[in-house]
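Structure data follow from coords-v3.cif (mmCIF, C-alpha atoms; chains and numbers go by the auth columns):
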data_entry
loop_
_atom_site.group_PDB
_atom_site.id
_atom_site.type_symbol
_atom_site.label_atom_id
_atom_site.label_comp_id
_atom_site.label_asym_id
_atom_site.label_seq_id
_atom_site.Cartn_x
_atom_site.Cartn_y
_atom_site.Cartn_z
_atom_site.B_iso_or_equiv
_atom_site.auth_seq_id
_atom_site.auth_asym_id
ATOM 1 C CA MET A 1 -18.202 17.140 23.311 0.00 1 A
ATOM 2 C CA LYS A 2 -14.838 15.506 22.642 0.00 2 A
ATOM 3 C CA PRO A 3 -14.932 11.761 21.935 0.00 3 A
ATOM 4 C CA ASN A 4 -13.584 9.452 24.581 0.00 4 A
ATOM 5 C CA LEU A 5 -10.773 7.763 22.679 0.00 5 A
ATOM 6 C CA GLN A 6 -10.610 4.998 25.239 0.00 6 A
ATOM 7 C CA GLN A 7 -14.063 3.906 24.081 0.00 7 A
ATOM 8 C CA ILE A 8 -13.106 3.824 20.395 0.00 8 A
ATOM 9 C CA ASP A 9 -12.239 0.329 19.239 0.00 9 A
ATOM 10 C CA LYS A 10 -11.487 -0.120 15.556 0.00 10 A
ATOM 11 C CA GLN A 11 -10.669 -3.817 15.780 0.00 11 A
ATOM 12 C CA VAL A 12 -12.799 -5.973 13.499 0.00 12 A
ATOM 13 C CA THR A 13 -12.526 -9.318 11.784 0.00 13 A
ATOM 14 C CA ILE A 14 -11.537 -9.649 8.158 0.00 14 A
ATOM 15 C CA ARG A 15 -15.032 -10.939 7.507 0.00 15 A
ATOM 16 C CA GLU A 16 -16.448 -7.606 8.676 0.00 16 A
ATOM 17 C CA VAL A 17 -14.431 -5.590 6.152 0.00 17 A
ATOM 18 C CA LYS A 18 -14.489 -7.899 3.149 0.00 18 A
ATOM 19 C CA HIS A 19 -17.371 -5.948 1.553 0.00 19 A
ATOM 20 C CA TYR A 20 -14.919 -3.109 0.876 0.00 20 A
ATOM 21 C CA PHE A 21 -13.071 -5.351 -1.595 0.00 21 A
ATOM 22 C CA LYS A 22 -14.821 -5.148 -4.954 0.00 22 A
ATOM 23 C CA ASP A 23 -14.136 -5.951 -8.594 0.00 23 A
ATOM 24 C CA GLY A 24 -12.570 -2.997 -10.355 0.00 24 A
ATOM 25 C CA MET A 25 -11.368 -1.325 -7.165 0.00 25 A
ATOM 26 C CA THR A 26 -8.198 0.710 -6.813 0.00 26 A
ATOM 27 C CA LEU A 27 -6.126 -0.997 -4.130 0.00 27 A
ATOM 28 C CA MET A 28 -3.016 0.448 -2.512 0.00 28 A
ATOM 29 C CA THR A 29 -0.634 -1.440 -0.269 0.00 29 A
ATOM 30 C CA GLY A 30 2.655 -0.773 1.451 0.00 30 A
ATOM 31 C CA GLY A 31 5.566 -3.121 1.166 0.00 31 A
ATOM 32 C CA PHE A 32 8.810 -3.871 -0.648 0.00 32 A
ATOM 33 C CA GLY A 33 9.303 -7.303 -2.162 0.00 33 A
ATOM 34 C CA GLY A 34 6.530 -8.582 0.078 0.00 34 A
ATOM 35 C CA VAL A 35 8.035 -7.132 3.275 0.00 35 A
ATOM 36 C CA GLY A 36 5.250 -5.022 4.727 0.00 36 A
ATOM 37 C CA ASN A 37 2.499 -6.546 2.593 0.00 37 A
ATOM 38 C CA PRO A 38 -0.482 -7.609 4.780 0.00 38 A
ATOM 39 C CA PRO A 39 -0.767 -11.393 4.308 0.00 39 A
ATOM 40 C CA GLY A 40 -4.248 -11.985 5.741 0.00 40 A
ATOM 41 C CA LEU A 41 -5.888 -9.185 3.763 0.00 41 A
ATOM 42 C CA ILE A 42 -4.229 -10.302 0.531 0.00 42 A
ATOM 43 C CA LYS A 43 -5.421 -13.852 1.158 0.00 43 A
ATOM 44 C CA ALA A 44 -8.956 -12.544 1.758 0.00 44 A
ATOM 45 C CA ILE A 45 -8.921 -10.719 -1.587 0.00 45 A
ATOM 46 C CA LEU A 46 -7.786 -13.920 -3.299 0.00 46 A
ATOM 47 C CA ASP A 47 -10.424 -16.010 -1.514 0.00 47 A
ATOM 48 C CA LEU A 48 -13.116 -13.532 -2.547 0.00 48 A
ATOM 49 C CA ASN A 49 -11.953 -13.847 -6.169 0.00 49 A
ATOM 50 C CA ILE A 50 -11.772 -10.070 -6.555 0.00 50 A
ATOM 51 C CA LYS A 51 -10.594 -9.182 -10.053 0.00 51 A
ATOM 52 C CA ASP A 52 -9.810 -6.272 -12.378 0.00 52 A
ATOM 53 C CA ILE A 53 -7.827 -4.567 -9.607 0.00 53 A
ATOM 54 C CA THR A 54 -5.852 -1.394 -10.143 0.00 54 A
ATOM 55 C CA LEU A 55 -2.939 -2.000 -7.782 0.00 55 A
ATOM 56 C CA ILE A 56 -0.649 0.717 -6.446 0.00 56 A
ATOM 57 C CA CYS A 57 2.426 -0.697 -4.740 0.00 57 A
ATOM 58 C CA ASN A 58 6.179 -0.251 -4.795 0.00 58 A
ATOM 59 C CA ASP A 59 6.631 -3.458 -6.803 0.00 59 A
ATOM 60 C CA ALA A 60 4.963 -6.619 -8.057 0.00 60 A
ATOM 61 C CA GLY A 61 6.351 -8.758 -5.245 0.00 61 A
ATOM 62 C CA PHE A 62 7.527 -12.295 -5.935 0.00 62 A
ATOM 63 C CA PRO A 63 5.291 -14.846 -7.704 0.00 63 A
ATOM 64 C CA HIS A 64 3.990 -16.413 -4.470 0.00 64 A
ATOM 65 C CA ILE A 65 4.874 -13.693 -1.957 0.00 65 A
ATOM 66 C CA GLY A 66 2.784 -10.681 -0.949 0.00 66 A
ATOM 67 C CA VAL A 67 0.953 -8.793 -3.679 0.00 67 A
ATOM 68 C CA GLY A 68 2.753 -10.986 -6.175 0.00 68 A
ATOM 69 C CA GLN A 69 0.055 -13.564 -5.478 0.00 69 A
ATOM 70 C CA LEU A 70 -2.585 -11.184 -6.841 0.00 70 A
ATOM 71 C CA VAL A 71 -0.536 -10.652 -9.989 0.00 71 A
ATOM 72 C CA THR A 72 0.156 -14.358 -10.422 0.00 72 A
ATOM 73 C CA ALA A 73 -3.563 -15.118 -10.057 0.00 73 A
ATOM 74 C CA GLU A 74 -4.254 -12.513 -12.778 0.00 74 A
ATOM 75 C CA LYS A 75 -6.448 -10.436 -10.482 0.00 75 A
ATOM 76 C CA VAL A 76 -4.615 -7.202 -11.347 0.00 76 A
ATOM 77 C CA SER A 77 -5.340 -5.392 -14.612 0.00 77 A
ATOM 78 C CA VAL A 78 -3.430 -2.147 -13.959 0.00 78 A
ATOM 79 C CA LEU A 79 -0.286 -1.779 -11.845 0.00 79 A
ATOM 80 C CA TYR A 80 1.470 1.361 -10.622 0.00 80 A
ATOM 81 C CA ALA A 81 4.951 0.384 -9.450 0.00 81 A
ATOM 82 C CA SER A 82 8.636 1.227 -9.446 0.00 82 A
ATOM 83 C CA HIS A 83 9.716 -2.203 -10.715 0.00 83 A
ATOM 84 C CA ILE A 84 8.405 -5.683 -11.504 0.00 84 A
ATOM 85 C CA GLY A 85 11.671 -7.566 -11.936 0.00 85 A
ATOM 86 C CA SER A 86 11.168 -9.922 -8.995 0.00 86 A
ATOM 87 C CA ASN A 87 7.936 -11.301 -10.456 0.00 87 A
ATOM 88 C CA PRO A 88 8.288 -12.803 -13.952 0.00 88 A
ATOM 89 C CA ASN A 89 4.521 -13.273 -14.108 0.00 89 A
ATOM 90 C CA ALA A 90 4.115 -9.501 -14.153 0.00 90 A
ATOM 91 C CA GLY A 91 6.573 -9.235 -17.018 0.00 91 A
ATOM 92 C CA SER A 92 4.864 -11.908 -19.108 0.00 92 A
ATOM 93 C CA GLN A 93 1.422 -10.402 -18.497 0.00 93 A
ATOM 94 C CA MET A 94 2.703 -6.959 -19.468 0.00 94 A
ATOM 95 C CA THR A 95 4.200 -8.396 -22.639 0.00 95 A
ATOM 96 C CA ASP A 96 1.020 -10.199 -23.668 0.00 96 A
ATOM 97 C CA GLY A 97 -1.111 -7.132 -22.931 0.00 97 A
ATOM 98 C CA THR A 98 -3.189 -8.474 -20.035 0.00 98 A
ATOM 99 C CA LEU A 99 -1.490 -6.208 -17.481 0.00 99 A
ATOM 100 C CA THR A 100 -0.941 -2.480 -17.925 0.00 100 A
ATOM 101 C CA VAL A 101 2.091 -1.317 -15.951 0.00 101 A
ATOM 102 C CA ASN A 102 2.734 2.335 -15.129 0.00 102 A
ATOM 103 C CA PHE A 103 6.357 2.706 -14.045 0.00 103 A
ATOM 104 C CA PHE A 104 7.671 5.489 -11.840 0.00 104 A
ATOM 105 C CA PRO A 105 10.985 6.017 -10.067 0.00 105 A
ATOM 106 C CA GLN A 106 10.614 4.835 -6.493 0.00 106 A
ATOM 107 C CA GLY A 107 10.934 8.315 -5.004 0.00 107 A
ATOM 108 C CA THR A 108 8.415 9.767 -7.446 0.00 108 A
ATOM 109 C CA LEU A 109 5.930 6.980 -6.724 0.00 109 A
ATOM 110 C CA ALA A 110 6.279 7.525 -2.976 0.00 110 A
ATOM 111 C CA GLU A 111 5.762 11.275 -3.399 0.00 111 A
ATOM 112 C CA LYS A 112 2.665 10.740 -5.555 0.00 112 A
ATOM 113 C CA ILE A 113 1.201 8.577 -2.777 0.00 113 A
ATOM 114 C CA ARG A 114 2.213 11.035 -0.064 0.00 114 A
ATOM 115 C CA ALA A 115 0.628 13.878 -2.042 0.00 115 A
ATOM 116 C CA GLY A 116 -2.618 11.942 -2.298 0.00 116 A
ATOM 117 C CA GLY A 117 -2.551 11.285 1.419 0.00 117 A
ATOM 118 C CA VAL A 118 -2.163 14.937 2.404 0.00 118 A
ATOM 119 C CA GLY A 119 -4.665 16.256 -0.118 0.00 119 A
ATOM 120 C CA LEU A 120 -2.320 17.717 -2.757 0.00 120 A
ATOM 121 C CA GLY A 121 -3.169 17.546 -6.424 0.00 121 A
ATOM 122 C CA GLY A 122 0.296 16.413 -7.368 0.00 122 A
ATOM 123 C CA VAL A 123 4.034 17.015 -7.175 0.00 123 A
ATOM 124 C CA LEU A 124 6.715 18.495 -9.434 0.00 124 A
ATOM 125 C CA VAL A 125 9.683 16.308 -10.414 0.00 125 A
ATOM 126 C CA ASP A 126 12.606 16.668 -12.808 0.00 126 A
ATOM 127 C CA VAL A 127 13.567 12.999 -13.165 0.00 127 A
ATOM 128 C CA GLY A 128 13.843 12.164 -16.865 0.00 128 A
ATOM 129 C CA GLU A 129 14.257 15.739 -18.052 0.00 129 A
ATOM 130 C CA GLY A 130 15.445 15.667 -21.663 0.00 130 A
ATOM 131 C CA ASN A 131 14.410 12.032 -22.227 0.00 131 A
ATOM 132 C CA PRO A 132 11.771 11.989 -24.994 0.00 132 A
ATOM 133 C CA ILE A 133 10.326 8.684 -23.772 0.00 133 A
ATOM 134 C CA VAL A 134 9.813 10.059 -20.248 0.00 134 A
ATOM 135 C CA GLU A 135 8.598 13.436 -21.492 0.00 135 A
ATOM 136 C CA LYS A 136 5.919 11.987 -23.783 0.00 136 A
ATOM 137 C CA GLY A 137 2.481 13.027 -22.531 0.00 137 A
ATOM 138 C CA LYS A 138 3.865 14.838 -19.476 0.00 138 A
ATOM 139 C CA LYS A 139 2.791 18.348 -18.592 0.00 139 A
ATOM 140 C CA LYS A 140 5.704 20.698 -17.963 0.00 140 A
ATOM 141 C CA VAL A 141 5.810 23.488 -15.413 0.00 141 A
ATOM 142 C CA GLU A 142 8.531 26.120 -15.156 0.00 142 A
ATOM 143 C CA ILE A 143 9.502 27.563 -11.780 0.00 143 A
ATOM 144 C CA ASN A 144 12.490 29.825 -11.188 0.00 144 A
ATOM 145 C CA ASN A 145 13.724 29.159 -14.714 0.00 145 A
ATOM 146 C CA LYS A 146 13.741 25.390 -14.201 0.00 146 A
ATOM 147 C CA SER A 147 11.395 22.904 -15.844 0.00 147 A
ATOM 148 C CA TYR A 148 9.535 20.185 -13.967 0.00 148 A
ATOM 149 C CA PHE A 149 7.041 17.466 -14.812 0.00 149 A
ATOM 150 C CA ALA A 150 3.664 17.706 -13.090 0.00 150 A
ATOM 151 C CA GLU A 151 2.880 14.303 -11.561 0.00 151 A
ATOM 152 C CA ALA A 152 -0.671 13.742 -10.324 0.00 152 A
ATOM 153 C CA SER A 153 -1.187 12.425 -6.811 0.00 153 A
ATOM 154 C CA LEU A 154 -2.373 8.867 -6.186 0.00 154 A
ATOM 155 C CA THR A 155 -5.200 7.706 -3.951 0.00 155 A
ATOM 156 C CA ALA A 156 -7.108 4.435 -3.599 0.00 156 A
ATOM 157 C CA ASP A 157 -10.552 3.124 -2.812 0.00 157 A
ATOM 158 C CA VAL A 158 -8.915 0.893 -0.202 0.00 158 A
ATOM 159 C CA SER A 159 -5.459 1.002 1.365 0.00 159 A
ATOM 160 C CA ILE A 160 -4.172 -2.067 3.191 0.00 160 A
ATOM 161 C CA VAL A 161 -1.102 -1.914 5.427 0.00 161 A
ATOM 162 C CA TYR A 162 0.826 -4.241 7.706 0.00 162 A
ATOM 163 C CA ALA A 163 1.937 -3.083 11.158 0.00 163 A
ATOM 164 C CA LYS A 164 3.833 -4.644 14.028 0.00 164 A
ATOM 165 C CA LYS A 165 1.613 -3.170 16.734 0.00 165 A
ATOM 166 C CA ALA A 166 -1.510 -1.022 17.075 0.00 166 A
ATOM 167 C CA ASP A 167 -3.697 0.253 19.855 0.00 167 A
ATOM 168 C CA SER A 168 -7.475 0.063 19.701 0.00 168 A
ATOM 169 C CA PHE A 169 -7.695 3.539 18.123 0.00 169 A
ATOM 170 C CA GLY A 170 -5.507 2.463 15.209 0.00 170 A
ATOM 171 C CA ASN A 171 -2.228 4.188 16.054 0.00 171 A
ATOM 172 C CA LEU A 172 0.391 2.104 14.264 0.00 172 A
ATOM 173 C CA VAL A 173 3.965 0.978 14.887 0.00 173 A
ATOM 174 C CA PHE A 174 5.860 -0.686 12.042 0.00 174 A
ATOM 175 C CA ASP A 175 8.583 -3.325 12.177 0.00 175 A
ATOM 176 C CA THR A 176 11.915 -2.030 10.820 0.00 176 A
ATOM 177 C CA SER A 177 11.928 -2.198 6.989 0.00 177 A
ATOM 178 C CA ALA A 178 8.212 -3.036 6.913 0.00 178 A
ATOM 179 C CA ARG A 179 7.795 0.677 7.618 0.00 179 A
ATOM 180 C CA ASN A 180 8.837 1.436 3.988 0.00 180 A
ATOM 181 C CA THR A 181 5.788 2.929 2.181 0.00 181 A
ATOM 182 C CA ASN A 182 3.163 1.750 4.665 0.00 182 A
ATOM 183 C CA PRO A 183 2.824 5.130 6.473 0.00 183 A
ATOM 184 C CA LEU A 184 2.250 6.903 3.139 0.00 184 A
ATOM 185 C CA VAL A 185 -0.213 4.290 1.910 0.00 185 A
ATOM 186 C CA ALA A 186 -2.168 4.482 5.169 0.00 186 A
ATOM 187 C CA MET A 187 -2.924 8.151 4.474 0.00 187 A
ATOM 188 C CA ALA A 188 -3.994 7.753 0.856 0.00 188 A
ATOM 189 C CA GLY A 189 -6.972 5.389 0.985 0.00 189 A
ATOM 190 C CA ASP A 190 -10.639 6.319 1.172 0.00 190 A
ATOM 191 C CA ILE A 191 -10.758 3.342 3.539 0.00 191 A
ATOM 192 C CA THR A 192 -7.600 2.184 5.309 0.00 192 A
ATOM 193 C CA ILE A 193 -7.413 -1.267 6.875 0.00 193 A
ATOM 194 C CA ALA A 194 -4.390 -2.211 8.963 0.00 194 A
ATOM 195 C CA GLU A 195 -3.430 -5.818 9.574 0.00 195 A
ATOM 196 C CA VAL A 196 -1.527 -5.963 12.851 0.00 196 A
ATOM 197 C CA ASP A 197 0.588 -8.554 14.659 0.00 197 A
ATOM 198 C CA GLU A 198 -0.217 -7.213 18.145 0.00 198 A
ATOM 199 C CA ILE A 199 -3.168 -5.090 19.288 0.00 199 A
ATOM 200 C CA VAL A 200 -2.994 -3.341 22.661 0.00 200 A
ATOM 201 C CA PRO A 201 -5.440 -1.106 24.585 0.00 201 A
ATOM 202 C CA TYR A 202 -5.492 2.604 23.849 0.00 202 A
ATOM 203 C CA GLY A 203 -2.799 4.452 25.781 0.00 203 A
ATOM 204 C CA GLU A 204 -0.306 1.583 25.978 0.00 204 A
ATOM 205 C CA LEU A 205 1.819 2.719 23.044 0.00 205 A
ATOM 206 C CA ASP A 206 4.678 5.123 23.636 0.00 206 A
ATOM 207 C CA PRO A 207 3.732 8.237 21.637 0.00 207 A
ATOM 208 C CA GLU A 208 7.320 8.448 20.387 0.00 208 A
ATOM 209 C CA GLU A 209 7.061 5.067 18.626 0.00 209 A
ATOM 210 C CA ILE A 210 3.786 5.785 16.810 0.00 210 A
ATOM 211 C CA ILE A 211 4.418 6.312 13.097 0.00 211 A
ATOM 212 C CA THR A 212 0.871 6.441 11.695 0.00 212 A
ATOM 213 C CA PRO A 213 -1.762 8.235 13.794 0.00 213 A
ATOM 214 C CA GLY A 214 -5.025 6.392 14.222 0.00 214 A
ATOM 215 C CA ALA A 215 -6.859 9.263 12.531 0.00 215 A
ATOM 216 C CA PHE A 216 -5.773 7.763 9.198 0.00 216 A
ATOM 217 C CA VAL A 217 -6.903 4.219 10.039 0.00 217 A
ATOM 218 C CA ASP A 218 -10.504 3.045 9.736 0.00 218 A
ATOM 219 C CA PHE A 219 -10.157 -0.582 10.811 0.00 219 A
ATOM 220 C CA ILE A 220 -7.585 -2.904 12.350 0.00 220 A
ATOM 221 C CA VAL A 221 -7.567 -6.679 12.030 0.00 221 A
ATOM 222 C CA GLN A 222 -5.525 -9.244 13.933 0.00 222 A
ATOM 223 C CA SER A 223 -2.907 -10.905 11.762 0.00 223 A
ATOM 224 C CA LYS A 224 -2.079 -14.606 11.801 0.00 224 A
ATOM 225 C CA GLY A 225 1.349 -13.814 10.392 0.00 225 A
ATOM 226 C CA VAL A 226 3.054 -14.350 7.076 0.00 226 A
ATOM 227 C CA ASP A 227 1.848 -17.484 5.313 0.00 227 A
ATOM 228 C CA TRP A 228 4.533 -17.689 2.629 0.00 228 A
ATOM 229 C CA LYS A 229 8.200 -18.689 2.547 0.00 229 A
ATOM 230 C CA TRP A 230 10.519 -15.781 1.797 0.00 230 A
ATOM 231 C CA ALA A 231 12.600 -15.909 -1.400 0.00 231 A
ATOM 232 C CA TRP A 232 15.845 -15.913 0.607 0.00 232 A
ATOM 233 C CA GLU A 233 14.860 -18.778 2.910 0.00 233 A
ATOM 234 C CA LYS A 234 16.381 -22.184 2.277 0.00 234 A
ATOM 235 C CA THR A 235 14.005 -24.850 1.029 0.00 235 A
#

Structure encoded using structure tokens:
Amino acid sequence: MKPNLQQIDKQVTIREVKHYFKDGMTLMTGGFGGVGNPPGLIKAILDLNIKDITLICNDAGFPHIGVGQLVTAEKVSVLYASHIGSNPNAGSQMTDGTLTVNFFPQGTLAEKIRAGGVGLGGVLVDVGEGNPIVEKGKKKVEINNKSYFAEASLTADVSIVYAKKADSFGNLVFDTSARNTNPLVAMAGDITIAEVDEIVPYGELDPEEIITPGAFVDFIVQSKGVDWKWAWEKT
């Protein structure tokens, strides 16, 4: 018997999902410079004092914006990112050895996440070919007389994403640039929790505007909105 999707309601409170956040977890989140980072879920992780996190995100955010708050609070021990330049705390922690940073070009990082989300073991890339620093420790594969690096896919214990709108089944719509890596991240978590600005009944979303199908989303929580001041806002 097919499930009645109209009876499926994935909306919960943050309190009901907080047990998924644990010390030592691998956490993945969408976002770019804080845009698209889920504020309420990040605050919950901070309030729970979760530590020793392996964080997979495009960047380290800003010191007091988005995932940057987790880095600033020294809750992250390993970071997979494309850059950390907007958060000097990440740089100082990397220098003093308290934070291990694994850098990847932005496109490569996104592909590693996408591969994890669709069940692939990895992807082949040629960025850095001929650079001994990049090539160190990389496995090479030759196809059609061209060499590539084999990059393993990335997955997470928990993925957290931020969406503009969702229906009760978890179909997601993202707000402009907040779409960035969120759709990829939503696919790559063992558990995916979406923080959403607006939640509507199943069937009210235009199918053409849905970016992430609810099949990838385990829980949705109502957002209270961003609780930080953006770096470009006047003081």

Requested in this report: Name the residues that the PyMOL selection byres ((chain A and resi 135) around 12) pulls out of this structure, and write them as an NGL selection string.
Outcome: :A and (125-134 or 136-140 or 147-151)

**Report entry** Picked residues, the PyMOL selection byres ((chain A and resi 103-106) around 8), as a PyMOL selection string
**Finding:** chain A and resi 58+80-83+101-102+107-110

On this file, the PyMOL selection byres ((chain A and resi 28-34) around 6) gives some set of residues; write that set as a tab-separated table (two decimals) with C-alpha atoms, in the frame of the given file.
chain	number	residue	atom	x	y	z
A	27	LEU	CA	-6.13	-1.00	-4.13
A	35	VAL	CA	8.04	-7.13	3.28
A	36	GLY	CA	5.25	-5.02	4.73
A	37	ASN	CA	2.50	-6.55	2.59
A	55	LEU	CA	-2.94	-2.00	-7.78
A	56	ILE	CA	-0.65	0.72	-6.45
A	57	CYS	CA	2.43	-0.70	-4.74
A	61	GLY	CA	6.35	-8.76	-5.24
A	65	ILE	CA	4.87	-13.69	-1.96
A	66	GLY	CA	2.78	-10.68	-0.95
A	156	ALA	CA	-7.11	4.43	-3.60
A	159	SER	CA	-5.46	1.00	1.36
A	160	ILE	CA	-4.17	-2.07	3.19
A	161	VAL	CA	-1.10	-1.91	5.43
A	181	THR	CA	5.79	2.93	2.18
A	182	ASN	CA	3.16	1.75	4.66
A	185	VAL	CA	-0.21	4.29	1.91

Query - Residues within 10 Å of (8.5, 0.5, 9.4), counting only C-alpha atoms, listed as a list in words - result: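 Checking each residue against the 10 Å limit leaves Gly30, Gly31, Val35, Gly36, Tyr162, Ala163, Lys164, Leu172, Val173, Phe174, Asp175, Thr176, Ser177, Ala178, Arg179, Asn180, Thr181, Asn182, Pro183, Ile211 and Thr212 of chain A.
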
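For the atom pair formed by atom CA of A:Asp59 and atom CA of A:Ala152, the distance is 19.0 Å, given to one decimal.
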
Query - Selected residue, from A:Thr26, A:Val76, A:Leu124, A:Gly117, that lies nearest to A:Phe216 when counting only C-alpha atoms - result: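 For A:Phe216, the nearest of the given residues is A:Gly117.
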
Requested in this report: Using only C-alpha atoms, determine which residues lie at most 6 Å from stretch 8-24 of chain A, disregarding the query and same-chain residues fewer than 6 positions distant; provide the list as a PyMOL selection string.
Outcome: chain A and resi 50-53+168-169+219-221

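Interatomic distance, atom CA of A:Ile199 to atom CA of A:Asn171: 9.9 Å.
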
Query raised in the report: Mind pulling up the distance from atom CA of A:Ser92 to atom CA of A:Asn49?
Result: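 Spanning atom CA of A:Asn49 to atom CA of A:Ser92 is a straight-line distance of 21.3 Å.
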
Report task. Tell me which of A:Val71, A:Ala60, A:Thr100, A:Leu46 sits closest to A:Ile84, counting all atoms listed in the file. Result ->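 So, comparing all the options, the nearest one is A:Ala60.
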
Would you kindly identify which residues have an atom no farther than 8 Å from (0.1, -13.9, 16.0), using only C-alpha atoms and the file's own coordinates, and write them out as a compact mmCIF listing (two decimals) with C-alpha atoms, keeping the file's coordinate frame?
# COMPACT_ATOMS: atom_id res chain seq x y z
CA ASP A 197 0.59 -8.55 14.66
CA GLU A 198 -0.22 -7.21 18.14
CA GLN A 222 -5.52 -9.24 13.93
CA SER A 223 -2.91 -10.90 11.76
CA LYS A 224 -2.08 -14.61 11.80
CA GLY A 225 1.35 -13.81 10.39
